[in-house]
file entry.txt (compact mmCIF, C-alpha atoms)
# COMPACT_ATOMS: atom_id res chain seq x y z
CA MET R 336 20.27 -20.83 31.24
CA SER R 337 16.82 -22.39 31.52
CA ARG R 338 16.56 -23.21 27.85
CA ASP R 339 13.69 -25.49 27.05
CA LEU R 340 14.22 -29.21 27.22
CA PRO R 341 12.77 -31.51 24.57
CA LEU R 342 9.37 -32.98 25.45
CA GLU R 343 10.69 -36.49 25.98
CA GLN R 344 13.21 -35.24 28.56
CA GLN R 345 10.61 -33.07 30.26
CA ILE R 346 8.34 -36.06 30.68
CA THR R 347 11.22 -38.12 32.05
CA LEU R 348 11.98 -35.33 34.50
CA ILE R 349 8.38 -35.03 35.65
CA GLU R 350 8.23 -38.78 36.04
CA LEU R 351 11.45 -38.80 38.09
CA VAL R 352 10.23 -36.08 40.45
CA ASP R 353 6.84 -37.76 40.76
CA ARG R 354 8.40 -41.09 41.66
CA VAL R 355 10.93 -39.79 44.17
CA LEU R 356 8.47 -37.48 45.93
CA SER R 357 5.20 -39.35 45.82
CA LYS R 358 5.93 -43.06 45.32
CA GLY R 359 8.04 -45.44 47.31
CA VAL R 360 7.62 -47.06 50.67
CA VAL R 361 6.48 -45.06 53.67
CA VAL R 362 7.00 -47.00 56.88
CA THR R 363 4.61 -46.57 59.77
CA GLY R 364 6.43 -44.96 62.66
CA ASP R 365 8.93 -43.00 60.60
CA ILE R 366 9.43 -39.24 60.76
CA THR R 367 9.57 -36.56 58.10
CA LEU R 368 13.07 -35.17 57.55
CA ALA R 369 12.22 -33.11 54.47
CA VAL R 370 9.06 -31.91 52.80
CA ALA R 371 9.48 -31.13 49.14
CA ASP R 372 7.22 -29.10 46.90
CA VAL R 373 6.82 -30.99 43.63
CA ASP R 374 6.56 -27.87 41.46
CA LEU R 375 9.55 -26.14 43.00
CA VAL R 376 11.70 -29.23 42.74
CA TYR R 377 10.68 -29.76 39.14
CA VAL R 378 11.51 -26.21 38.13
CA GLY R 379 14.76 -26.39 40.08
CA LEU R 380 15.77 -29.59 38.33
CA ARG R 381 15.00 -28.15 34.92
CA VAL R 382 17.37 -25.28 35.59
CA LEU R 383 19.96 -27.56 37.14
CA LEU R 384 19.90 -29.97 34.22
CA ALA R 385 19.88 -27.32 31.54
CA SER R 386 22.73 -25.41 33.17
CA VAL R 387 25.21 -28.03 34.28
CA GLY R 388 24.62 -30.56 31.54
CA THR R 389 23.55 -33.47 33.69
CA ILE R 390 20.93 -34.28 31.07
CA GLU R 391 23.09 -37.08 29.68
CA ARG R 392 23.40 -38.67 33.08
CA LEU R 393 19.66 -38.56 33.64
CA GLN R 394 19.07 -39.95 30.17
CA GLY R 395 21.58 -42.69 30.81
CA GLN R 396 19.63 -43.78 33.85
CA ALA R 397 16.19 -43.37 32.44
CA ALA R 398 16.58 -44.23 28.74
CA MET Q 201 18.81 -38.90 62.54
CA LEU Q 202 18.79 -41.77 60.06
CA TYR Q 203 17.75 -40.80 56.55
CA LEU Q 204 16.17 -43.79 54.81
CA TYR Q 205 16.68 -44.57 51.10
CA ALA Q 206 15.52 -48.08 50.46
CA PHE Q 207 15.09 -51.62 51.64
CA VAL Q 208 17.17 -54.37 50.12
CA ARG Q 209 18.07 -57.95 50.93
CA GLU Q 210 20.58 -58.39 53.74
CA SER Q 211 23.26 -59.43 51.24
CA ALA Q 212 23.14 -56.22 49.16
CA ASP Q 213 26.28 -54.20 48.50
CA VAL Q 214 26.23 -50.44 49.14
CA ARG Q 215 29.93 -49.62 49.10
CA ASP Q 216 30.99 -46.19 47.83
CA ALA Q 217 27.51 -44.71 47.73
CA THR Q 218 27.03 -41.16 48.96
CA GLY Q 219 23.66 -39.54 49.22
CA VAL Q 220 21.77 -36.48 50.38
CA GLY Q 221 24.20 -33.84 51.61
CA GLY Q 222 27.19 -36.03 50.74
CA ALA Q 223 26.62 -38.30 53.74
CA PRO Q 224 27.90 -41.86 53.21
CA VAL Q 225 25.25 -44.50 52.87
CA HIS Q 226 25.37 -47.72 54.82
CA LEU Q 227 23.44 -50.91 55.34
CA VAL Q 228 21.57 -51.78 58.55
CA PRO Q 229 20.77 -55.51 58.51
CA LEU Q 230 17.43 -56.26 60.16
CA GLY Q 231 16.85 -59.98 59.84
CA THR Q 232 16.29 -61.09 56.26
CA VAL Q 233 16.02 -57.50 54.96
CA ALA Q 234 18.32 -54.52 55.34
CA ALA Q 235 17.66 -50.78 55.42
CA VAL Q 236 19.87 -48.44 53.40
CA VAL Q 237 20.40 -45.31 55.51
CA ALA Q 238 22.68 -42.35 56.10
CA GLU Q 239 23.34 -40.37 59.28
CA VAL Q 240 22.13 -36.80 58.86
CA GLU Q 241 22.09 -33.85 61.23
CA GLY Q 242 18.49 -32.83 61.79
CA ALA Q 243 16.24 -31.92 58.89
CA VAL Q 244 17.23 -32.41 55.27
CA GLU Q 245 16.80 -29.50 52.89
CA SER Q 246 14.17 -30.02 50.23
CA THR Q 247 16.34 -28.96 47.35
CA ASP Q 248 16.38 -30.29 43.82
CA GLU Q 249 19.98 -31.45 44.40
CA ASN Q 250 18.86 -33.57 47.35
CA VAL Q 251 15.98 -35.05 45.39
CA LEU Q 252 18.44 -35.99 42.65
CA ALA Q 253 20.89 -37.39 45.23
CA HIS Q 254 18.11 -39.57 46.65
CA ALA Q 255 17.34 -40.87 43.15
CA HIS Q 256 21.03 -41.53 42.46
CA VAL Q 257 21.45 -43.68 45.57
CA ILE Q 258 18.45 -45.76 44.56
CA ASP Q 259 19.73 -46.04 40.97
CA ALA Q 260 23.11 -47.22 42.27
CA LEU Q 261 21.42 -49.83 44.46
CA ALA Q 262 19.29 -51.03 41.56
CA ALA Q 263 22.42 -51.37 39.43
CA THR Q 264 24.10 -53.72 41.89
CA SER Q 265 21.28 -55.70 43.49
CA ASP Q 266 18.33 -57.48 41.98
CA ALA Q 267 15.77 -56.39 44.57
CA VAL Q 268 15.35 -52.81 45.77
CA LEU Q 269 12.33 -51.21 47.42
CA PRO Q 270 12.76 -47.43 47.13
CA VAL Q 271 11.62 -45.30 50.07
CA ARG Q 272 9.91 -41.98 49.46
CA PHE Q 273 12.08 -38.84 49.62
CA GLY Q 274 12.46 -37.15 52.99
CA ARG Q 275 11.65 -40.00 55.39
CA GLY Q 276 13.73 -41.33 58.24
CA PHE Q 277 14.01 -42.34 61.88
CA ARG Q 278 15.25 -40.68 65.02
CA ASP Q 279 17.71 -43.48 65.70
CA ARG Q 280 18.52 -47.09 65.07
CA ASP Q 281 16.18 -48.34 67.78
CA ASP Q 282 13.18 -46.64 66.16
CA LEU Q 283 14.18 -48.04 62.77
CA GLU Q 284 14.57 -51.54 64.16
CA SER Q 285 11.25 -51.58 65.95
CA ALA Q 286 9.39 -50.28 62.88
CA VAL Q 287 11.06 -52.73 60.52
CA THR Q 288 10.71 -55.75 62.78
CA ARG Q 289 6.93 -55.44 62.55
CA LEU Q 290 7.12 -55.23 58.76
CA GLU Q 291 9.85 -57.73 58.01
CA ALA Q 292 7.61 -60.39 56.46
CA GLN Q 293 5.85 -57.83 54.29
CA LEU Q 294 9.10 -56.21 53.16
CA GLU Q 295 10.47 -59.62 52.27
CA ASP Q 296 7.37 -60.42 50.20
CA ARG Q 297 7.63 -57.11 48.34
CA LEU Q 298 11.35 -57.63 47.70
CA ASN Q 299 10.59 -61.05 46.23
CA GLU Q 300 7.88 -59.54 44.07
CA VAL Q 301 10.11 -56.85 42.53
CA SER Q 302 13.19 -59.06 42.36
CA GLY Q 303 14.81 -58.93 38.92
CA CYS Q 304 12.23 -56.42 37.71
CA VAL Q 305 12.24 -52.79 36.59
CA GLU Q 306 9.40 -50.33 36.23
CA ILE Q 307 8.26 -48.95 32.88
CA GLY Q 308 6.06 -45.85 32.89
CA LEU Q 309 3.49 -45.03 30.25
CA HIS Q 310 1.45 -41.91 29.52
CA VAL Q 311 -1.08 -41.89 26.71
CA ALA Q 312 -2.79 -38.69 25.68
CA ALA Q 313 -5.50 -37.94 23.11
CA PRO Q 314 -5.54 -34.78 21.03
CA VAL Q 315 -7.62 -32.02 22.58
CA GLN Q 316 -11.05 -31.98 20.89
CA PRO Q 317 -12.34 -28.68 19.55
CA ALA Q 318 -15.28 -27.37 21.58
CA GLN Q 319 -18.63 -28.49 20.19
CA PRO Q 320 -21.37 -25.94 19.53
CA ALA Q 321 -23.30 -25.64 22.77
CA GLY Q 322 -26.52 -27.65 22.77
CA SER Q 323 -28.81 -28.15 25.70
CA GLY Q 324 -27.28 -28.93 29.10
CA ARG Q 325 -28.68 -32.41 28.81
CA ASP Q 326 -27.06 -33.01 25.40
CA TYR Q 327 -23.81 -31.73 26.75
CA MET Q 328 -23.89 -34.12 29.68
CA GLN Q 329 -24.78 -37.06 27.46
CA ASP Q 330 -21.97 -36.22 25.04
CA ARG Q 331 -19.56 -35.83 27.89
CA LEU Q 332 -20.49 -39.18 29.43
CA ARG Q 333 -20.21 -40.88 26.05
CA ASP Q 334 -16.76 -39.35 25.49
CA LEU Q 335 -15.58 -40.44 28.92
CA ALA Q 336 -16.85 -43.99 28.36
CA ARG Q 337 -15.09 -44.11 25.01
CA ALA Q 338 -11.85 -42.79 26.52
CA ASP Q 339 -12.07 -45.36 29.29
CA ALA Q 340 -12.58 -48.21 26.82
CA LEU Q 341 -9.64 -46.98 24.75
CA ALA Q 342 -7.40 -46.80 27.83
CA ALA Q 343 -8.42 -50.32 28.87
CA ASP Q 344 -7.70 -51.58 25.35
CA ILE Q 345 -4.13 -50.26 25.61
CA HIS Q 346 -3.56 -51.12 29.27
CA ALA Q 347 -4.95 -54.67 29.52
CA PRO Q 348 -2.56 -56.47 27.13
CA LEU Q 349 0.44 -54.63 28.64
CA ALA Q 350 -0.66 -55.45 32.19
CA GLU Q 351 -0.98 -59.09 31.15
CA ARG Q 352 2.64 -59.14 29.99
CA ALA Q 353 3.90 -57.50 33.18
CA ARG Q 354 4.45 -59.00 36.61
CA GLY Q 355 2.53 -56.10 38.09
CA ALA Q 356 0.67 -53.02 36.90
CA THR Q 357 -0.78 -49.88 38.45
CA ARG Q 358 -3.04 -47.42 36.75
CA SER Q 359 -3.97 -43.96 37.99
CA ARG Q 360 -7.62 -43.16 38.36
CA SER Q 361 -9.00 -39.73 37.58
CA VAL Q 362 -8.13 -39.56 33.92
CA GLY Q 363 -10.26 -37.65 31.49
CA THR Q 364 -10.74 -37.60 27.75
CA THR Q 365 -7.32 -36.04 27.03
CA ALA Q 366 -5.01 -37.75 29.55
CA LEU Q 367 -6.19 -41.23 28.67
CA LEU Q 368 -3.83 -43.44 30.59
CA ARG Q 369 -1.16 -43.07 33.19
CA ALA Q 370 0.27 -46.40 34.20
CA ALA Q 371 3.36 -48.20 35.50
CA TYR Q 372 4.35 -51.77 34.74
CA LEU Q 373 6.64 -54.08 36.66
CA VAL Q 374 8.66 -55.94 34.05
CA PRO Q 375 11.47 -58.50 34.38
CA ALA Q 376 14.68 -56.76 33.30
CA ALA Q 377 15.22 -59.37 30.60
CA ASP Q 378 11.82 -58.60 29.05
CA VAL Q 379 12.15 -54.82 28.74
CA ASP Q 380 12.80 -54.91 24.98
CA SER Q 381 9.84 -57.12 24.20
CA PHE Q 382 7.66 -55.01 26.50
CA ARG Q 383 8.71 -51.84 24.68
CA ALA Q 384 7.89 -53.59 21.40
CA ALA Q 385 4.39 -54.28 22.76
CA VAL Q 386 4.07 -50.57 23.62
CA ASP Q 387 5.15 -49.75 20.06
CA ASP Q 388 2.45 -52.09 18.72
CA ALA Q 389 -0.15 -50.18 20.72
CA ARG Q 390 1.34 -46.91 19.46
CA HIS Q 391 0.90 -48.08 15.86
CA ARG Q 392 -2.63 -49.33 16.48
CA HIS Q 393 -3.52 -45.89 17.87
CA SER Q 394 -1.55 -43.46 15.74
CA GLU Q 395 -3.95 -40.63 16.67
CA LEU Q 396 -2.74 -40.77 20.30
CA SER Q 397 0.53 -39.59 21.88
CA PHE Q 398 2.52 -42.18 23.78
CA ALA Q 399 5.33 -41.41 26.22
CA CYS Q 400 7.10 -44.47 27.55
CA THR Q 401 9.72 -43.91 30.29
CA GLY Q 402 12.14 -46.08 32.22
CA PRO Q 403 13.45 -48.49 33.14
CA TRP Q 404 13.04 -47.12 36.67
CA PRO Q 405 13.66 -48.76 40.00
CA PRO Q 406 10.26 -50.09 41.09
CA TYR Q 407 9.05 -46.93 42.89
CA SER Q 408 5.39 -47.48 42.00
CA PHE Q 409 5.48 -51.02 43.34
CA ALA Q 410 7.17 -50.20 46.63
CA VAL Q 411 3.92 -50.11 48.56
CA LEU Q 412 3.10 -51.68 51.89
CA GLU Q 413 -0.40 -52.88 52.61
CA ARG Q 414 -1.42 -50.33 55.22
CA GLU Q 415 -0.87 -47.46 52.84
CA GLY Q 416 -3.72 -48.49 50.55
CA ALA Q 417 -3.63 -48.15 46.75
CA ALA Q 418 -0.36 -47.60 44.93
CA VAL Q 419 -1.27 -44.62 42.80
call {"tool": "encode", "arguments": {"input": "entry.txt", "output": "structure tokens"}}
result
Amino acid sequence: MSRDLPLEQQITLIELVDRVLSKGVVVTGDITLAVADVDLVYVGLRVLLASVGTIERLQGQAA
Amino acid sequence: MLYLYAFVRESADVRDATGVGGAPVHLVPLGTVAAVVAEVEGAVESTDENVLAHAHVIDALAATSDAVLPVRFGRGFRDRDDLESAVTRLEAQLEDRLNEVSGCVEIGLHVAAPVQPAQPAGSGRDYMQDRLRDLARADALAADIHAPLAERARGATRSRSVGTTALLRAAYLVPAADVDSFRAAVDDARHRHSELSFACTGPWPPYSFAVLEREGAAV
């Protein structure tokens, strides 16, 4: 189920997780609704993508 | 609670978007800018599905409007009043940033050098001198790749703390119409440095350029 993804897709995945979790605007005065662990999310996404075949969708957005 | 996805111009279209937890996304106009939010009940779970849902909302926004400032995953406001008072203070800055990223996408670049075999151990002093020389050489190489790309881009950010193997980690803000020529410039650099590994990703919504002044450096 967690078969290995090609390097190019792994890098895209790491880059996606990195952007969503650690880049982007943070507004002064906001509150935290969710705290995500980068490593856990990354591993989770790998499994998710490898198992339900959303790789194409991700590629479509990131290619 | 209002979960926050992005800032856009007041005229942006967010019909049909659903986000984290399946909650419908809507626009809150706040002067010249608008916040893209969804009502959520309490805390949001930090699952991979939710992270992907967050990214999908921002992708959908980027596909339909020319200026999107993504917000980091997991942020929000207690209610509309809190959102309004926070955004009112920042309206001018958000507008500037939206103008800056307007029509642009982000291209990511990683450049890595092959791992060098360990040298026979000399004196500690020799080791330190070699190490400093290697770092200086790596830095010059990274600058040689980064500078011409940064010049082509409307904006560029480069991570610090790189060593002799991870040479360069950078993001470039590129007008959508120039993505092909920018990628060609990356390919040129790749050919000039065939000993290095290049990984070029994107186009992304401009996550790395969605930075407000008080936060400090982008990367």
call {"tool": "interface_residues", "arguments": {"input": "entry.txt", "of": "chain Q", "to": "chain R", "cutoff": "8 Å", "atoms": "only C-alpha atoms", "output": "ChimeraX atom specification"}}
result
/Q:203,206,242-249,251,254-255,259,269-278,282-283,286-287,399,401-404,407-412,415,418-419
call {"tool": "closest_atom_pairs", "arguments": {"input": "entry.txt", "of": "region 226-325 of chain Q", "to": "region 209-221 of chain Q", "cutoff": "7 Å", "atoms": "all atoms listed in the file", "output": "tab-separated table"}}
result
residue	atom	partner	partner_atom	distance
Q:His226	CA	Q:Val214	CA	6.4
Q:Leu227	CA	Q:Val214	CA	6.8
Q:Pro229	CA	Q:Glu210	CA	5.6
Q:Thr232	CA	Q:Glu210	CA	5.7
Q:Val233	CA	Q:Arg209	CA	4.5
Q:Ala234	CA	Q:Glu210	CA	4.8
Q:Asn250	CA	Q:Val220	CA	5.1
Q:Ala253	CA	Q:Val220	CA	5.3
Q:His254	CA	Q:Val220	CA	6.1
Q:Val257	CA	Q:Gly219	CA	5.9
Q:Leu261	CA	Q:Val214	CA	6.7
Q:Thr264	CA	Q:Asp213	CA	7.0
Q:Ser265	CA	Q:Ala212	CA	6.0
Q:Ala267	CA	Q:Arg209	CA	6.9
call {"tool": "atom_distance", "arguments": {"input": "entry.txt", "atom1": "CA of Val236 (chain Q)", "atom2": "CA of Glu413 (chain Q)"}}
result
20.8 Å
call {"tool": "atom_distance", "arguments": {"input": "entry.txt", "atom1": "CA of Glu306 (chain Q)", "atom2": "CA of Pro375 (chain Q)"}}
result
8.6 Å
call {"tool": "atom_distance", "arguments": {"input": "entry.txt", "atom1": "CA of Leu294 (chain Q)", "atom2": "CA of Asp266 (chain Q)"}}
result
14.6 Å
call {"tool": "closest_residue", "arguments": {"input": "entry.txt", "among": "Q:Ala263, Q:Leu368, Q:Ala235, Q:Val315", "to": "Asp339 (chain Q)", "atoms": "only C-alpha atoms"}}
result
Q:Leu368
call {"tool": "axis_aligned_box", "arguments": {"input": "entry.txt", "around": "region 202-211 of chain Q", "padding_each_side": "8 Å", "output": "JSON"}}
result
{"center_x": 19.2, "center_y": -50.1, "center_z": 55.1, "size_x": 24.2, "size_y": 34.6, "size_z": 25.9}
call {"tool": "decode", "arguments": {"input": "entry.txt", "residues": "region 347-376 of chain R", "atoms": "N, CA and C atoms", "output": "short mmCIF file (atom, residue, chain, number, x, y, z; two decimals), in the first residue's frame"}}
result
data_model
loop_
_atom_site.label_atom_id
_atom_site.label_comp_id
_atom_site.auth_asym_id
_atom_site.auth_seq_id
_atom_site.Cartn_x
_atom_site.Cartn_y
_atom_site.Cartn_z
N THR R 347 8.02 16.81 -4.79
CA THR R 347 6.82 17.63 -4.93
C THR R 347 5.96 17.55 -3.67
N LEU R 348 5.85 16.34 -3.13
CA LEU R 348 5.06 16.13 -1.92
C LEU R 348 5.67 16.85 -0.71
N ILE R 349 6.97 16.73 -0.56
CA ILE R 349 7.65 17.43 0.54
C ILE R 349 7.46 18.93 0.39
N GLU R 350 7.59 19.39 -0.83
CA GLU R 350 7.44 20.82 -1.10
C GLU R 350 6.02 21.30 -0.79
N LEU R 351 5.04 20.47 -1.13
CA LEU R 351 3.64 20.82 -0.85
C LEU R 351 3.41 20.95 0.66
N VAL R 352 3.85 19.93 1.39
CA VAL R 352 3.65 19.92 2.85
C VAL R 352 4.38 21.11 3.48
N ASP R 353 5.60 21.35 3.02
CA ASP R 353 6.39 22.45 3.55
C ASP R 353 5.68 23.79 3.32
N ARG R 354 5.13 23.96 2.14
CA ARG R 354 4.46 25.23 1.84
C ARG R 354 3.20 25.41 2.68
N VAL R 355 2.36 24.39 2.70
CA VAL R 355 1.07 24.52 3.40
C VAL R 355 1.28 24.71 4.91
N LEU R 356 2.27 24.01 5.47
CA LEU R 356 2.45 24.05 6.93
C LEU R 356 3.38 25.16 7.41
N SER R 357 4.32 25.58 6.59
CA SER R 357 5.28 26.53 7.15
C SER R 357 5.44 27.82 6.36
N LYS R 358 4.73 27.95 5.23
CA LYS R 358 4.75 29.24 4.53
C LYS R 358 3.34 29.82 4.61
N GLY R 359 3.16 30.92 3.94
CA GLY R 359 1.84 31.54 3.93
C GLY R 359 1.69 32.56 5.04
N VAL R 360 0.72 33.42 4.84
CA VAL R 360 0.49 34.53 5.75
C VAL R 360 0.07 34.02 7.13
N VAL R 361 0.62 34.63 8.16
CA VAL R 361 0.09 34.50 9.52
C VAL R 361 -0.27 35.90 9.97
N VAL R 362 -1.51 36.09 10.33
CA VAL R 362 -2.00 37.41 10.70
C VAL R 362 -1.90 37.60 12.20
N THR R 363 -1.36 38.72 12.61
CA THR R 363 -1.31 39.02 14.04
C THR R 363 -2.73 39.07 14.60
N GLY R 364 -2.93 38.40 15.72
CA GLY R 364 -4.26 38.42 16.34
C GLY R 364 -5.11 37.21 16.00
N ASP R 365 -4.56 36.32 15.17
CA ASP R 365 -5.35 35.12 14.83
C ASP R 365 -5.15 34.06 15.91
N ILE R 366 -5.86 32.96 15.79
CA ILE R 366 -5.72 31.86 16.74
C ILE R 366 -5.38 30.58 15.99
N THR R 367 -4.81 29.64 16.70
CA THR R 367 -4.43 28.37 16.10
C THR R 367 -5.60 27.40 16.19
N LEU R 368 -6.06 26.90 15.05
CA LEU R 368 -7.15 25.93 15.03
C LEU R 368 -6.64 24.51 14.84
N ALA R 369 -5.42 24.39 14.34
CA ALA R 369 -4.83 23.06 14.14
C ALA R 369 -3.33 23.18 14.15
N VAL R 370 -2.67 22.25 14.81
CA VAL R 370 -1.22 22.21 14.78
C VAL R 370 -0.83 20.90 14.10
N ALA R 371 -0.09 21.00 13.03
CA ALA R 371 0.24 19.80 12.28
C ALA R 371 1.72 19.47 12.40
N ASP R 372 2.01 18.20 12.54
CA ASP R 372 3.39 17.73 12.58
C ASP R 372 3.82 17.41 11.15
N VAL R 373 4.85 18.12 10.68
CA VAL R 373 5.26 17.99 9.28
C VAL R 373 5.54 16.54 8.91
N ASP R 374 6.29 15.83 9.74
CA ASP R 374 6.68 14.46 9.40
C ASP R 374 5.46 13.54 9.31
N LEU R 375 4.56 13.67 10.29
CA LEU R 375 3.38 12.81 10.28
C LEU R 375 2.51 13.08 9.06
N VAL R 376 2.34 14.36 8.75
CA VAL R 376 1.51 14.70 7.60
C VAL R 376 2.15 14.17 6.32
#
